[in-house]
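Chemist: Okay, so here is run05.txt, and as you'll see once you scroll down, it has compact mmCIF, C-alpha atoms.
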# COMPACT_ATOMS: atom_id res chain seq x y z
CA MET A 1 6.29 -17.32 14.40
CA SER A 2 6.32 -17.41 10.65
CA VAL A 3 9.38 -15.85 9.21
CA THR A 4 7.99 -13.89 6.35
CA LYS A 5 9.24 -10.36 6.77
CA LYS A 6 7.39 -8.42 9.42
CA LYS A 7 6.07 -5.12 8.16
CA VAL A 8 7.15 -2.12 10.18
CA LEU A 9 5.68 1.36 10.09
CA ILE A 10 7.58 4.20 11.75
CA ILE A 11 5.98 7.39 13.06
CA THR A 12 8.44 9.97 14.33
CA PRO A 13 9.06 13.62 13.54
CA SER A 14 12.79 12.84 13.50
CA ARG A 15 14.05 11.80 10.09
CA ILE A 16 17.33 10.80 11.71
CA ILE A 17 15.59 8.30 13.98
CA ALA A 18 13.38 7.01 11.17
CA ARG A 19 16.31 6.40 8.87
CA GLY A 20 18.44 5.00 11.66
CA LEU A 21 15.75 2.47 12.58
CA ALA A 22 15.17 1.58 8.93
CA SER A 23 18.86 0.94 8.43
CA ILE A 24 19.15 -1.24 11.55
CA LEU A 25 16.11 -3.29 10.55
CA GLU A 26 17.31 -3.70 7.00
CA GLU A 27 20.71 -4.89 8.18
CA HIS A 28 19.27 -7.59 10.40
CA GLY A 29 16.70 -8.93 7.97
CA GLY A 30 13.33 -10.23 9.05
CA PHE A 31 11.76 -6.77 8.99
CA ALA A 32 10.68 -4.51 6.15
CA VAL A 33 9.91 -0.84 6.73
CA VAL A 34 6.74 -0.18 4.72
CA ALA A 35 6.30 3.50 5.55
CA ALA A 36 7.75 6.27 7.68
CA LEU A 37 5.43 9.09 8.74
CA THR A 38 6.30 12.24 10.64
CA ASP A 39 2.97 12.49 12.48
CA LEU A 40 -0.38 10.79 12.97
CA SER A 41 -2.61 13.42 11.44
CA ARG A 42 -6.07 12.52 10.10
CA GLU A 43 -4.67 12.36 6.58
CA ASN A 44 -2.09 9.81 7.66
CA GLU A 45 -4.52 7.47 9.39
CA PRO A 46 -5.48 5.62 6.18
CA VAL A 47 -1.78 5.07 5.45
CA VAL A 48 -1.43 3.33 8.81
CA ARG A 49 -4.62 1.34 8.26
CA ASP A 50 -3.72 0.23 4.74
CA SER A 51 -0.10 -0.56 5.50
CA MET A 52 -1.12 -3.89 7.11
CA ALA A 53 1.87 -3.31 9.38
CA ASP A 54 2.78 -5.93 11.97
CA ILE A 55 4.57 -3.38 14.13
CA VAL A 56 4.19 0.37 14.53
CA ILE A 57 7.18 2.12 16.05
CA ALA A 58 6.04 5.51 17.35
CA ASP A 59 7.65 8.35 19.25
CA PRO A 60 5.10 9.32 21.94
CA VAL A 61 6.04 12.93 21.21
CA ILE A 62 3.70 12.78 18.18
CA PHE A 63 0.85 13.09 20.65
CA GLY A 64 0.32 16.34 22.54
CA TYR A 65 1.47 16.36 26.15
CA ALA A 66 -2.07 16.03 27.53
CA SER A 67 -3.07 13.12 25.29
CA ARG A 68 0.26 11.31 25.44
CA SER A 69 -0.82 8.69 27.98
CA VAL A 70 -3.71 7.58 25.73
CA GLY A 71 -1.75 7.95 22.48
CA ARG A 72 -1.23 4.24 22.10
CA ASN A 73 -5.01 3.70 22.10
CA ARG A 74 -5.32 6.04 19.15
CA ILE A 75 -2.97 3.78 17.19
CA SER A 76 -4.90 0.68 18.32
CA ASP A 77 -8.09 2.23 17.00
CA ILE A 78 -6.54 2.21 13.53
CA THR A 79 -4.53 -1.01 13.46
CA ASP A 80 -4.06 -4.34 15.30
CA ALA A 81 -0.28 -4.04 14.95
CA ALA A 82 2.05 -4.30 17.94
CA VAL A 83 3.04 -0.79 19.01
CA VAL A 84 6.54 -0.03 20.25
CA ALA A 85 7.51 3.34 21.70
CA VAL A 86 10.75 5.09 20.83
CA PRO A 87 10.73 8.10 23.17
CA THR A 88 13.12 10.90 22.26
CA VAL A 89 12.27 13.39 24.98
CA LEU A 90 12.17 13.08 28.75
CA HIS A 91 8.92 11.38 29.61
CA ASP A 92 7.14 9.98 32.62
CA ASP A 93 6.39 6.27 32.82
CA GLY A 94 2.69 6.82 32.15
CA ALA A 95 3.47 7.97 28.61
CA VAL A 96 4.93 4.59 27.55
CA LYS A 97 3.01 2.29 29.87
CA GLY A 98 0.43 1.15 27.31
CA TYR A 99 3.00 0.24 24.62
CA ASP A 100 3.96 -3.35 23.89
CA ASP A 101 7.60 -2.44 24.40
CA THR A 102 9.99 0.51 24.44
CA ILE A 103 13.16 1.13 22.45
CA GLY A 104 15.77 3.55 23.81
CA ILE A 105 17.61 5.68 21.29
CA TYR A 106 20.91 4.51 22.81
CA ASP A 107 19.99 0.81 22.51
CA PRO A 108 22.40 -1.27 20.42
CA PRO A 109 20.88 -2.70 17.18
CA ALA A 110 20.60 -6.22 18.64
CA THR A 111 18.45 -4.89 21.49
CA VAL A 112 16.20 -3.01 19.07
CA VAL A 113 15.58 -6.21 17.10
CA SER A 114 14.87 -8.33 20.17
CA ARG A 115 12.49 -5.67 21.59
CA LEU A 116 10.51 -5.74 18.34
CA ARG A 117 10.35 -9.53 18.41
CA SER A 118 9.14 -9.62 21.99
CA ALA A 119 6.47 -7.00 21.22
CA LEU A 120 5.29 -9.19 18.33
CA SER A 121 5.07 -12.35 20.41
CA ARG A 122 3.17 -10.42 23.07
CA THR A 123 0.45 -9.31 20.65
CA ALA A 124 0.35 -12.75 18.99
CA GLY A 125 -0.62 -14.15 22.39
CA LYS A 126 -3.52 -11.71 22.69
CA ASP A 127 -5.15 -12.94 19.49
CA ARG A 128 -5.38 -16.47 20.76
CA ASP A 129 -7.56 -15.62 23.75
CA ASP A 130 -10.80 -15.16 21.88
CA SER A 131 -10.61 -18.03 19.41
CA ARG A 132 -12.86 -20.52 21.11
CA GLU A 133 -16.10 -20.27 19.14
CA GLU A 134 -17.45 -22.60 16.45
CA LEU A 135 -17.77 -21.44 12.85
CA SER A 136 -21.01 -19.59 12.12
CA SER A 137 -23.21 -20.87 9.31
CA ARG A 138 -22.19 -17.93 7.07
CA GLU A 139 -18.54 -18.72 7.76
CA LYS A 140 -19.14 -22.35 6.80
CA GLU A 141 -20.76 -21.27 3.51
CA ILE A 142 -17.78 -19.06 2.73
CA LEU A 143 -15.32 -21.76 3.74
CA VAL A 144 -16.96 -24.13 1.25
CA CYS A 145 -16.54 -21.53 -1.51
CA VAL A 146 -12.88 -21.03 -0.58
CA ALA A 147 -12.33 -24.80 -0.60
CA ARG A 148 -13.87 -24.93 -4.09
CA GLY A 149 -11.29 -22.41 -5.25
CA MET A 150 -13.54 -19.37 -5.61
CA LEU A 151 -11.95 -15.93 -5.51
CA ASN A 152 -12.93 -13.31 -2.94
CA LYS A 153 -14.67 -11.30 -5.66
CA GLU A 154 -16.76 -14.29 -6.75
CA ILE A 155 -17.72 -15.07 -3.17
CA ALA A 156 -18.71 -11.44 -2.57
CA ASP A 157 -20.95 -11.49 -5.67
CA ARG A 158 -22.60 -14.77 -4.74
CA PHE A 159 -23.64 -13.57 -1.27
CA HIS A 160 -24.15 -9.89 -2.20
CA ILE A 161 -21.59 -8.72 0.33
CA SER A 162 -18.48 -6.57 -0.05
CA ILE A 163 -15.02 -8.03 -0.62
CA HIS A 164 -14.03 -6.43 2.65
CA THR A 165 -16.67 -8.52 4.45
CA VAL A 166 -15.46 -11.68 2.71
CA ILE A 167 -11.92 -10.94 3.91
CA THR A 168 -13.17 -10.41 7.47
CA HIS A 169 -15.01 -13.74 7.36
CA ARG A 170 -11.90 -15.47 6.02
CA LYS A 171 -9.80 -13.96 8.80
CA ASN A 172 -12.27 -15.24 11.38
CA ILE A 173 -12.35 -18.71 9.81
CA THR A 174 -8.55 -18.89 10.02
CA ARG A 175 -8.54 -17.55 13.57
CA LYS A 176 -11.07 -20.15 14.72
CA THR A 177 -9.75 -23.19 12.88
CA GLY A 178 -6.05 -22.30 13.01
CA ILE A 179 -5.86 -23.16 9.29
CA LYS A 180 -4.39 -20.58 6.91
CA THR A 181 -3.94 -22.18 3.51
CA VAL A 182 -6.67 -22.90 0.97
CA ALA A 183 -5.47 -26.52 0.73
CA GLY A 184 -5.73 -26.83 4.51
CA LEU A 185 -9.24 -25.36 4.54
CA THR A 186 -10.25 -27.87 1.88
CA VAL A 187 -9.07 -30.68 4.15
CA TYR A 188 -11.12 -29.17 6.98
CA ALA A 189 -14.23 -28.93 4.80
CA LEU A 190 -13.86 -32.55 3.64
CA LEU A 191 -13.18 -33.99 7.11
CA ASN A 192 -16.22 -32.16 8.46
CA ASN A 193 -18.44 -33.22 5.57
CA LEU A 194 -19.04 -29.65 4.47
CA ILE A 195 -18.37 -30.61 0.87
CA ASP A 196 -18.84 -33.68 -1.23
CA PRO A 197 -15.43 -35.23 -2.02
CA SER A 198 -16.42 -35.71 -5.67
CA VAL A 199 -16.77 -31.92 -6.05
CA ALA A 200 -13.40 -30.94 -4.54
CA GLU A 201 -10.65 -30.34 -7.11
CA MET B 202 28.78 -20.69 24.90
CA ARG B 203 32.55 -20.74 24.50
CA LYS B 204 35.04 -22.52 22.25
CA ASN B 205 36.90 -24.06 25.18
CA MET B 206 33.89 -25.69 26.81
CA LYS B 207 33.35 -29.41 26.46
CA MET B 208 31.27 -30.37 23.44
CA ALA B 209 29.40 -32.91 25.57
CA ASP B 210 28.41 -30.20 28.07
CA LEU B 211 27.17 -27.91 25.31
CA VAL B 212 25.07 -30.58 23.58
CA GLY B 213 23.84 -31.67 27.01
CA THR B 214 22.23 -28.28 27.55
CA ASP B 215 20.17 -28.50 24.34
CA TYR B 216 19.54 -31.82 22.65
CA ARG B 217 18.52 -30.06 19.41
CA LEU B 218 22.22 -29.43 18.84
CA LEU B 219 22.57 -33.13 18.06
CA THR B 220 21.10 -32.60 14.61
CA VAL B 221 23.26 -29.49 14.18
CA ILE B 222 26.48 -31.42 14.74
CA TYR B 223 25.26 -34.20 12.48
CA ARG B 224 24.48 -31.79 9.65
CA LEU B 225 27.87 -30.14 9.99
CA GLY B 226 29.44 -33.56 9.46
CA MET B 227 30.50 -34.21 13.05
CA LYS B 228 30.05 -37.53 14.78
CA LEU B 229 29.14 -38.45 18.31
CA GLY B 230 31.76 -39.92 20.60
CA PHE B 231 33.57 -36.64 21.25
CA GLY B 232 34.50 -37.73 24.79
CA GLU B 233 36.13 -34.90 26.75
CA LYS B 234 37.09 -32.83 23.72
CA THR B 235 36.29 -29.12 23.61
CA VAL B 236 34.01 -27.49 21.05
CA GLU B 237 37.03 -26.09 19.24
CA GLU B 238 38.85 -29.44 19.09
CA THR B 239 35.78 -31.30 17.86
CA CYS B 240 35.21 -28.73 15.13
CA ARG B 241 38.85 -28.73 14.05
CA GLU B 242 38.95 -32.51 13.74
CA SER B 243 35.90 -32.46 11.49
CA GLY B 244 37.20 -29.55 9.45
CA VAL B 245 34.35 -27.25 10.50
CA ASN B 246 34.79 -23.54 11.13
CA CYS B 247 34.18 -23.27 14.87
CA ASP B 248 32.63 -19.78 14.63
CA THR B 249 30.07 -21.07 12.13
CA PHE B 250 29.15 -23.86 14.51
CA LEU B 251 28.76 -21.43 17.42
CA LEU B 252 26.65 -19.11 15.29
CA VAL B 253 24.22 -21.90 14.38
CA ALA B 254 24.27 -23.31 17.93
CA ASN B 255 23.42 -19.89 19.33
CA VAL B 256 20.40 -19.56 17.03
CA TYR B 257 19.15 -22.87 18.41
CA ALA B 258 19.93 -22.28 22.05
CA THR B 259 18.90 -18.62 22.40
CA ASP B 260 15.48 -17.34 21.40
CA GLY B 261 15.68 -14.03 19.62
CA TYR B 262 19.45 -14.39 19.16
CA VAL B 263 20.96 -11.60 17.09
CA PRO B 264 24.59 -12.25 16.11
CA SER B 265 27.20 -9.51 16.42
CA VAL B 266 29.02 -8.25 13.34
CA GLU B 267 32.26 -9.81 14.68
CA MET B 268 30.62 -13.24 14.93
CA MET B 269 29.34 -12.99 11.39
CA THR B 270 32.70 -11.87 10.02
CA ALA B 271 34.50 -14.74 11.75
CA ALA B 272 32.12 -17.42 10.47
CA SER B 273 32.45 -19.05 7.06
CA ALA B 274 29.70 -18.58 4.48
CA ILE B 275 30.83 -21.73 2.69
CA ASP B 276 30.41 -23.81 5.86
CA LEU B 277 27.07 -22.17 6.54
CA VAL B 278 25.81 -23.06 3.08
CA ARG B 279 27.10 -26.60 3.53
CA TYR B 280 25.15 -26.77 6.78
CA LEU B 281 21.95 -25.46 5.19
CA HIS B 282 22.24 -27.89 2.32
CA ALA B 283 22.81 -30.81 4.71
CA SER B 284 19.75 -29.67 6.68
CA HIS B 285 17.64 -29.87 3.52
CA SER B 286 18.75 -33.45 2.93
CA TYR B 287 18.12 -34.29 6.56
CA TYR B 288 14.56 -32.96 6.42
CA LEU B 289 13.69 -34.79 3.22
CA GLU B 290 15.51 -38.07 3.84
CA HIS B 291 14.72 -38.47 7.52
CA GLU B 292 12.05 -36.16 8.89
CA PHE B 293 9.58 -36.28 5.99
CA LYS B 294 10.13 -39.97 5.44
CA ASP B 295 9.47 -40.80 9.11
CA ILE B 296 6.44 -38.52 9.32
CA ASP B 297 5.07 -40.04 6.12
CA GLY B 298 5.32 -43.50 7.71
CA LEU B 299 3.74 -42.31 10.95
CA PHE B 300 0.82 -40.77 9.08
CA LYS B 301 0.18 -43.88 7.01
CA GLU B 302 0.03 -45.92 10.20
CA LEU B 303 -2.09 -43.34 12.02
CA LEU B 304 -4.64 -43.01 9.22
CA ALA B 305 -4.88 -46.72 8.38
CA PRO B 306 -8.21 -47.22 10.25
CA CYS B 307 -9.87 -44.18 8.54
CA PRO B 308 -12.24 -44.40 5.59
CA PRO B 309 -10.24 -44.12 2.32
CA MET B 310 -11.60 -40.65 1.55
CA GLN B 311 -10.36 -39.12 4.80
CA ARG B 312 -7.04 -40.93 4.54
CA GLU B 313 -6.48 -39.70 1.01
CA VAL B 314 -7.44 -36.12 1.82
CA ILE B 315 -4.89 -35.85 4.62
CA MET B 316 -2.12 -37.72 2.77
CA HIS B 317 -2.74 -35.60 -0.31
CA PHE B 318 -2.30 -32.49 1.79
CA PHE B 319 0.89 -33.86 3.33
CA ASP B 320 2.30 -34.77 -0.09
CA GLY B 321 1.42 -31.30 -1.36
CA TYR B 322 3.33 -29.78 1.49
CA ARG B 323 6.34 -32.00 0.91
CA GLU B 324 6.37 -31.01 -2.75
CA GLU B 325 6.26 -27.33 -1.82
CA VAL B 326 9.23 -27.81 0.52
CA GLU B 327 11.15 -29.75 -2.13
CA ASN B 328 10.70 -26.93 -4.63
CA HIS B 329 11.70 -24.35 -2.05
CA PHE B 330 14.87 -26.30 -1.23
CA ALA B 331 15.67 -26.98 -4.89
CA TYR B 332 15.64 -23.26 -5.69
CA GLU B 333 18.04 -22.55 -2.85
CA GLU B 334 20.34 -25.42 -3.76
CA ASN B 335 20.41 -24.67 -7.48
CA THR B 336 20.46 -20.89 -7.40
CA VAL B 337 21.15 -19.33 -4.02
CA PHE B 338 23.85 -21.59 -2.61
CA PRO B 339 26.03 -21.63 -5.76
CA TYR B 340 25.73 -17.84 -5.80
CA VAL B 341 26.87 -17.57 -2.16
CA ARG B 342 29.82 -19.85 -2.88
CA SER B 343 31.04 -17.71 -5.74
CA VAL B 344 30.63 -14.47 -3.78
CA ALA B 345 32.55 -16.07 -0.90
CA GLU B 346 35.37 -16.71 -3.36
CA GLY B 347 35.29 -13.06 -4.35
CA ARG B 348 33.53 -13.53 -7.68
CA LYS B 349 30.51 -11.31 -8.28
CA VAL B 350 27.80 -12.88 -10.41
CA ASP B 351 25.92 -10.66 -12.85
CA GLY B 352 22.16 -10.63 -12.75
CA TYR B 353 21.70 -12.03 -9.26
CA SER B 354 22.07 -10.69 -5.75
CA ILE B 355 21.16 -11.89 -2.31
CA GLY B 356 18.53 -9.12 -2.33
CA THR B 357 16.61 -11.10 -4.96
CA PHE B 358 16.60 -14.10 -2.66
CA GLU B 359 15.59 -11.96 0.30
CA GLU B 360 12.58 -10.57 -1.59
CA ASN B 361 11.38 -13.97 -2.75
CA HIS B 362 12.13 -15.98 0.35
CA ASN B 363 8.66 -17.20 1.31
CA SER B 364 8.02 -18.95 4.54
CA ILE B 365 7.30 -22.67 4.26
CA ASP B 366 5.66 -23.18 7.62
CA GLU B 367 2.04 -22.31 6.82
CA LYS B 368 0.93 -25.70 5.55
CA LEU B 369 2.89 -27.47 8.26
CA ASN B 370 1.13 -25.34 10.84
CA ASP B 371 -2.20 -26.21 9.18
CA LEU B 372 -1.37 -29.91 9.23
CA ARG B 373 -0.60 -29.76 12.94
CA ASN B 374 -3.92 -28.07 13.64
CA ILE B 375 -5.81 -30.53 11.46
CA VAL B 376 -4.31 -33.51 13.30
CA MET B 377 -4.79 -31.96 16.71
CA LYS B 378 -8.29 -30.60 16.23
CA TYR B 379 -10.04 -32.54 13.49
CA LEU B 380 -8.50 -36.01 13.37
CA PRO B 381 -11.16 -38.69 12.80
CA PRO B 382 -11.93 -40.34 16.17
CA VAL B 383 -11.06 -43.86 14.93
CA CYS B 384 -7.37 -42.93 14.95
CA ASP B 385 -5.13 -44.14 17.76
CA THR B 386 -4.19 -41.41 20.22
CA VAL B 387 -0.70 -42.70 20.99
CA LEU B 388 0.11 -42.78 17.26
CA ALA B 389 -1.37 -39.31 16.91
CA ILE B 390 0.84 -38.02 19.73
CA ARG B 391 3.87 -39.54 18.04
CA ALA B 392 3.00 -37.93 14.70
CA LEU B 393 2.21 -34.60 16.35
CA SER B 394 5.46 -34.55 18.31
CA ARG B 395 7.41 -35.05 15.10
CA LEU B 396 5.41 -32.35 13.33
CA CYS B 397 6.04 -29.89 16.16
CA ALA B 398 9.74 -30.72 16.25
CA LEU B 399 9.97 -30.28 12.47
CA GLU B 400 8.10 -27.01 12.66
CA ALA B 401 10.43 -25.67 15.36
CA ASP B 402 13.50 -26.84 13.45
CA LEU B 403 12.35 -25.30 10.17
CA GLU B 404 11.74 -22.06 12.02
CA LYS B 405 15.37 -22.02 13.19
CA HIS B 406 16.46 -22.98 9.67
CA THR B 407 14.64 -20.02 8.14
CA LEU B 408 15.98 -17.77 10.87
CA ILE B 409 19.54 -18.84 10.01
CA GLU B 410 18.89 -18.01 6.34
CA ASN B 411 17.23 -14.68 7.03
CA SER B 412 19.20 -13.29 9.93
CA ILE B 413 22.64 -14.79 9.28
CA LEU B 414 23.11 -15.87 5.67
CA ILE B 415 21.51 -12.81 4.07
CA PRO B 416 23.32 -10.15 6.16
CA MET B 417 26.57 -12.11 5.77
CA VAL B 418 26.30 -12.21 1.98
CA ASN B 419 25.24 -8.55 1.92
CA ARG B 420 28.59 -7.68 3.51
CA MET B 421 30.51 -9.91 1.13
CA GLU B 422 28.79 -8.38 -1.88
CA GLU B 423 29.97 -4.94 -0.81
CA LYS B 424 33.53 -6.23 -0.66
CA CYS B 425 33.26 -7.79 -4.10
CA GLN B 426 32.64 -4.49 -5.82
Will you turn the file into structure tokens for me?

Modeler:
Amino acid sequence: MSVTKKKVLIITPSRIIARGLASILEEHGGFAVVAALTDLSRENEPVVRDSMADIVIADPVIFGYASRSVGRNRISDITDAAVVAVPTVLHDDGAVKGYDDTIGIYDPPATVVSRLRSALSRTAGKDRDDSREELSSREKEILVCVARGMLNKEIADRFHISIHTVITHRKNITRKTGIKTVAGLTVYALLNNLIDPSVAE
Amino acid sequence: MRKNMKMADLVGTDYRLLTVIYRLGMKLGFGEKTVEETCRESGVNCDTFLLVANVYATDGYVPSVEMMTAASAIDLVRYLHASHSYYLEHEFKDIDGLFKELLAPCPPMQREVIMHFFDGYREEVENHFAYEENTVFPYVRSVAEGRKVDGYSIGTFEENHNSIDEKLNDLRNIVMKYLPPVCDTVLAIRALSRLCALEADLEKHTLIENSILIPMVNRMEEKCQ
């Protein structure tokens, strides 16, 4: 677990709960609340997507009674973040079953923090399952560019693809190799003879 | 974890506490003495020791407000500073030696690439530590003495406190997944074990800074005003 602050996005119609959570998380450090929404309307979906949140804390009440049991899936469609429920009304177990964890509104602050951490470690485990493939040839080309210090924009122009696609490739390269930093990727490229040592740096 | 338990029993449950007692300035050979007695004899605030020990022994440990109030920020800073020295003088030095030995049979290019990466990481860590030692720790000490310093707050540190584990994590993956086959496996295991131990220890170190030091100083800053 890297200890850069984890980004938290809160979705609850209750301002009291939103501010209460924000204050608990601020006090304990390690988390930063990036946005607090009162609902998950269509207009708010881009906010969730662009927040790059690590955790979404949502009150299942934001979904109508009939769609409550599949509400979590709607959040997953928008973001890969861990999703933690904070139910404020009487609910049946089905409504919170799909969530990575549940916070009770009477939980002490320490419990809230440890629930969030366990939800995070649970989703981190999921990522690792599908990281067994080799790099594709396009990914290797992009890795070489990254190792040579090219910016995302420059890489996008060279291959006539969007920056968004470059970022997706870079994410996949990191997921497959387990290497995050540019310096580390350069080492990978050199050890695997993807670049000529005289060209690097 | 209680103050009246035997220090030997406590350390026996988690060997990682050995480095904690060393960094707090305590020595081995505590015989049948309790945690409280051992701390007192070394002039260490016992609550600070328990706070740090709890972070090590309990995953996801969140200290209570009472624990944080009882502990000493000065001792905590002393501990963090001693940890920095320990990492640089012992851990990095040993790992450097292990890597040189491990990579000796590789072609010079591969050896240099990996050592260059390791040196780059060490430099990054040194800079990270130097900032904390020259700016953050002196600030905490003056706030602990009730003196507010203009132009700086622990919030500034909190905002800029980057994690230093990314390159270390990369290095571990590089050794594990892409090490040239000429390297000796036993040496590689030794180097990897040290890398993993360092990574885990640095994680606890950052956790102590983020979830104990920062909230502690936040409270003290409020009192200063």

Chemist: Give as JSON, numbers by chain every residue of chain B that touches chain A within 7 Å, counting only C-alpha atoms.

Modeler: {"B": [261, 263, 311, 314, 315, 318, 363, 364, 366, 367, 368, 371, 374, 407, 411, 412, 416]}

Chemist: Include C-alpha atoms and write out the residues we just selected as a JSON list (two decimals), in the frame of the given file.

Modeler:
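Wrote selection_29.json, looks like this:
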[["chain", "number", "residue", "atom", "x", "y", "z"],
["B", 261, "GLY", "CA", 15.68, -14.03, 19.62],
["B", 263, "VAL", "CA", 20.96, -11.60, 17.09],
["B", 311, "GLN", "CA", -10.36, -39.12, 4.80],
["B", 314, "VAL", "CA", -7.44, -36.12, 1.82],
["B", 315, "ILE", "CA", -4.89, -35.85, 4.62],
["B", 318, "PHE", "CA", -2.30, -32.49, 1.79],
["B", 363, "ASN", "CA", 8.66, -17.20, 1.31],
["B", 364, "SER", "CA", 8.02, -18.95, 4.54],
["B", 366, "ASP", "CA", 5.66, -23.18, 7.62],
["B", 367, "GLU", "CA", 2.04, -22.31, 6.82],
["B", 368, "LYS", "CA", 0.93, -25.70, 5.55],
["B", 371, "ASP", "CA", -2.20, -26.21, 9.18],
["B", 374, "ASN", "CA", -3.92, -28.07, 13.64],
["B", 407, "THR", "CA", 14.64, -20.02, 8.14],
["B", 411, "ASN", "CA", 17.23, -14.68, 7.03],
["B", 412, "SER", "CA", 19.20, -13.29, 9.93],
["B", 416, "PRO", "CA", 23.32, -10.15, 6.16]]

Chemist: Compile the contact shell of B:Lys228 as a ChimeraX atom specification: residues with an atom at most 10 Å away, counting all atoms listed in the file, same-chain residues fewer than 6 positions apart removed.

Modeler: /B:219,222,239,243

Chemist: Rounded to one decimal, what separation in Å do you get between atom CA of B:Lys207 and atom CA of B:Tyr280?

Modeler: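 That distance, rounded to one decimal, is 21.5 Å.
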
Chemist: Need to verify the contact set: A:Ser41, 12 Å, only C-alpha atoms, exclusion of same-chain residues closer than 2 positions in sequence. Can you return it as a PyMOL selection string?

Modeler: chain A and resi 11-13+37-39+43-48+62-64+74-75

Chemist: Take the residues just selected and output them with C-alpha atoms as an mmCIF file, keeping the file's coordinate frame.

Modeler:
data_model
loop_
_atom_site.group_PDB
_atom_site.id
_atom_site.type_symbol
_atom_site.label_atom_id
_atom_site.label_comp_id
_atom_site.auth_asym_id
_atom_site.auth_seq_id
_atom_site.Cartn_x
_atom_site.Cartn_y
_atom_site.Cartn_z
ATOM 1 C CA ILE A 11 5.980 7.390 13.060
ATOM 2 C CA THR A 12 8.440 9.970 14.330
ATOM 3 C CA PRO A 13 9.060 13.620 13.540
ATOM 4 C CA LEU A 37 5.430 9.090 8.740
ATOM 5 C CA THR A 38 6.300 12.240 10.640
ATOM 6 C CA ASP A 39 2.970 12.490 12.480
ATOM 7 C CA GLU A 43 -4.670 12.360 6.580
ATOM 8 C CA ASN A 44 -2.090 9.810 7.660
ATOM 9 C CA GLU A 45 -4.520 7.470 9.390
ATOM 10 C CA PRO A 46 -5.480 5.620 6.180
ATOM 11 C CA VAL A 47 -1.780 5.070 5.450
ATOM 12 C CA VAL A 48 -1.430 3.330 8.810
ATOM 13 C CA ILE A 62 3.700 12.780 18.180
ATOM 14 C CA PHE A 63 0.850 13.090 20.650
ATOM 15 C CA GLY A 64 0.320 16.340 22.540
ATOM 16 C CA ARG A 74 -5.320 6.040 19.150
ATOM 17 C CA ILE A 75 -2.970 3.780 17.190
#

Chemist: What is the atom CA of B:Val236-atom CA of B:Met202 distance in Å, reported with one decimal?

Modeler: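 Separation of atom CA of B:Val236 and atom CA of B:Met202: 9.4 Å.
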
Chemist: Smallest atom-to-atom distance to A:Gly20: which of A:Ile105, A:Val96, A:Val84, A:Ile55, using only C-alpha atoms?

Modeler: A:Ile105

Chemist: Would you pick out the contacts of A:Ala18 at 12 Å or less, using only C-alpha atoms, so that residues sharing its chain but fewer than 2 positions from it are not included, and give the list as a list in words?

Modeler: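 Within the cut-off, the hits are Val8, Leu9, Ile10, Ile11, Thr12, Pro13, Ser14, Arg15, Ile16, Gly20, Leu21, Ala22, Ser23, Ile24, Leu25, Val33, Val34, Ala35, Ala36, Leu37, Thr38, Asp39, Val56, Ile57, Ala58, Asp59, Val86, Thr88 and Ile105 of chain A.
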
Chemist: When distances are computed from only C-alpha atoms, which of B:Asn335, B:Ser273, B:Asn370, B:Ser265 shows the smallest separation from A:Pro108?

Modeler: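 Distance minimum relative to A:Pro108 lands on B:Ser265.
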
Chemist: Return the padded bounding box of stretch 402-406 of chain B as lines of an AutoDock Vina configuration file: axis-aligned, built from all atoms listed in the file, 5 Å added on each side, with centre and edge lengths in Å to one decimal.

Modeler:
center_x = 14.1
center_y = -24.4
center_z = 11.6
size_x = 14.7
size_y = 14.8
size_z = 13.8

Chemist: Neighbours of stretch 283-297 of chain B within 8 Å (all atoms listed in the file; same-chain residues fewer than 6 positions away dropped), as JSON, numbers by chain?

Modeler: {"B": [224, 225, 319, 323, 327, 330, 392, 395, 396, 399]}

Chemist: Calculate how many Å separate atom CA of B:Pro381 from atom CA of A:Ala124, rounding to one decimal.

Modeler: 29.0 Å

Chemist: Anything within 9 Å of (11.4, -21.5, -3.3): list those residues as a PDB file with C-alpha atoms, in the frame of the given file, counting only C-alpha atoms and sticking to the file's coordinates.

Modeler:
ATOM      1  CA  GLU B 325       6.260 -27.330  -1.820  1.00  0.00           C
ATOM      2  CA  VAL B 326       9.230 -27.810   0.520  1.00  0.00           C
ATOM      3  CA  GLU B 327      11.150 -29.750  -2.130  1.00  0.00           C
ATOM      4  CA  ASN B 328      10.700 -26.930  -4.630  1.00  0.00           C
ATOM      5  CA  HIS B 329      11.700 -24.350  -2.050  1.00  0.00           C
ATOM      6  CA  PHE B 330      14.870 -26.300  -1.230  1.00  0.00           C
ATOM      7  CA  ALA B 331      15.670 -26.980  -4.890  1.00  0.00           C
ATOM      8  CA  TYR B 332      15.640 -23.260  -5.690  1.00  0.00           C
ATOM      9  CA  GLU B 333      18.040 -22.550  -2.850  1.00  0.00           C
ATOM     10  CA  ASN B 361      11.380 -13.970  -2.750  1.00  0.00           C
ATOM     11  CA  HIS B 362      12.130 -15.980   0.350  1.00  0.00           C
ATOM     12  CA  ASN B 363       8.660 -17.200   1.310  1.00  0.00           C
ATOM     13  CA  SER B 364       8.020 -18.950   4.540  1.00  0.00           C
ATOM     14  CA  ILE B 365       7.300 -22.670   4.260  1.00  0.00           C
TER      15      ILE B 365
END
